[in-house]
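What follows is a set of notes on a single structure, which appears directly below.
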Amino acid sequence: MGGHDEILRVLREVLDPLVRADGGVLYLVSLDDETVSLHLGGRFAGCPGNALARRQIIEPAIRTVAP
């Protein structure tokens with residue numbers, strides 16, 4: 001997996017502003033060499049669109065720095 005610093009940068013500079021702009025909150029639960037665990041809260045809590053946001057936006061953004 002890519003460097004943790006790069007993943008944190010993408011979370012902080014790209015994904016968090018996108019999620020916040022839509023009324024949500026992005027929490028980093030854990031990060032290790034194999035996985036990134038996130039929690040979506042705020043407007044995203046219980047939203048059926050979470051799966052779509054995860055597959056179409058969040059996962060691809062993280063994969064750009066951590067294939």
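We label chains A, B, ... in the order they appear in the structure tokens, count residues from 1 in each chain, and number ligands from 1 in the order shown.
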Open item on the list: Env of His4 in chain A: 10 Å cut, atoms = only C-alpha atoms, seq-sep filter 6 positions within chain, self excluded. Answer as a list in words.
Closed with: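 Non-adjacent residues within range: Val10, Leu31, Asp32, Asp33, Val36, Val65 and Ala66 of chain A.
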Open item on the list: Taking 4 positions as the minimum chain separation for residues in the same chain, which residues sit within 6 Å of range 42-57 of chain A when counting only C-alpha atoms? Answer as a ChimeraX atom specification.
Closed with: /A:23-25
TODO: Just give me the gap between CA of Arg20 in chain A and CA of Gly3 in chain A in Å, one decimal is fine.
DONE: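 Spanning CA of Arg20 in chain A to CA of Gly3 in chain A is a straight-line distance of 24.4 Å.
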Task: Nearest to Leu38 in chain A, chosen from A:Asp5, A:Glu59, A:Asp22, A:Glu13, with only C-alpha atoms counted in the distances - done: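 Closest to Leu38 in chain A, using only C-alpha atoms: A:Glu59.
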Open item on the list: For a test of reading the model, state the distance in Å between CA of Leu18 in chain A and CA of Leu40 in chain A, rounded to one decimal.
Closed with: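 These atoms are spaced 11.9 Å apart.
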Open item on the list: Report, in Å with one decimal, the straight-line distance from CA of His39 in chain A to CA of Tyr27 in chain A.
Closed with: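 If I compute the distance from CA of His39 in chain A to CA of Tyr27 in chain A, I get 5.0 Å.
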Task: Which of range 7-67 of chain A DSSP labels alpha helix (DSSP H), written as a PyMOL selection string - done: chain A and resi 7-10+16-21+50-53+59-63
- [ ] Could you tell me, as a PyMOL selection string, which residues of chain A DSSP assigns to strand (DSSP E or B) when given the backbone?
- [x] chain A and resi 24-31+36-42
TODO: Tell me, as a VMD selection string, which residues lie within 10 Å of Thr64 in chain A, counting only C-alpha atoms; anything in the same chain fewer than 3 positions away does not count.
DONE: chain A and resid 2 6 to 7 10 59 to 61 67
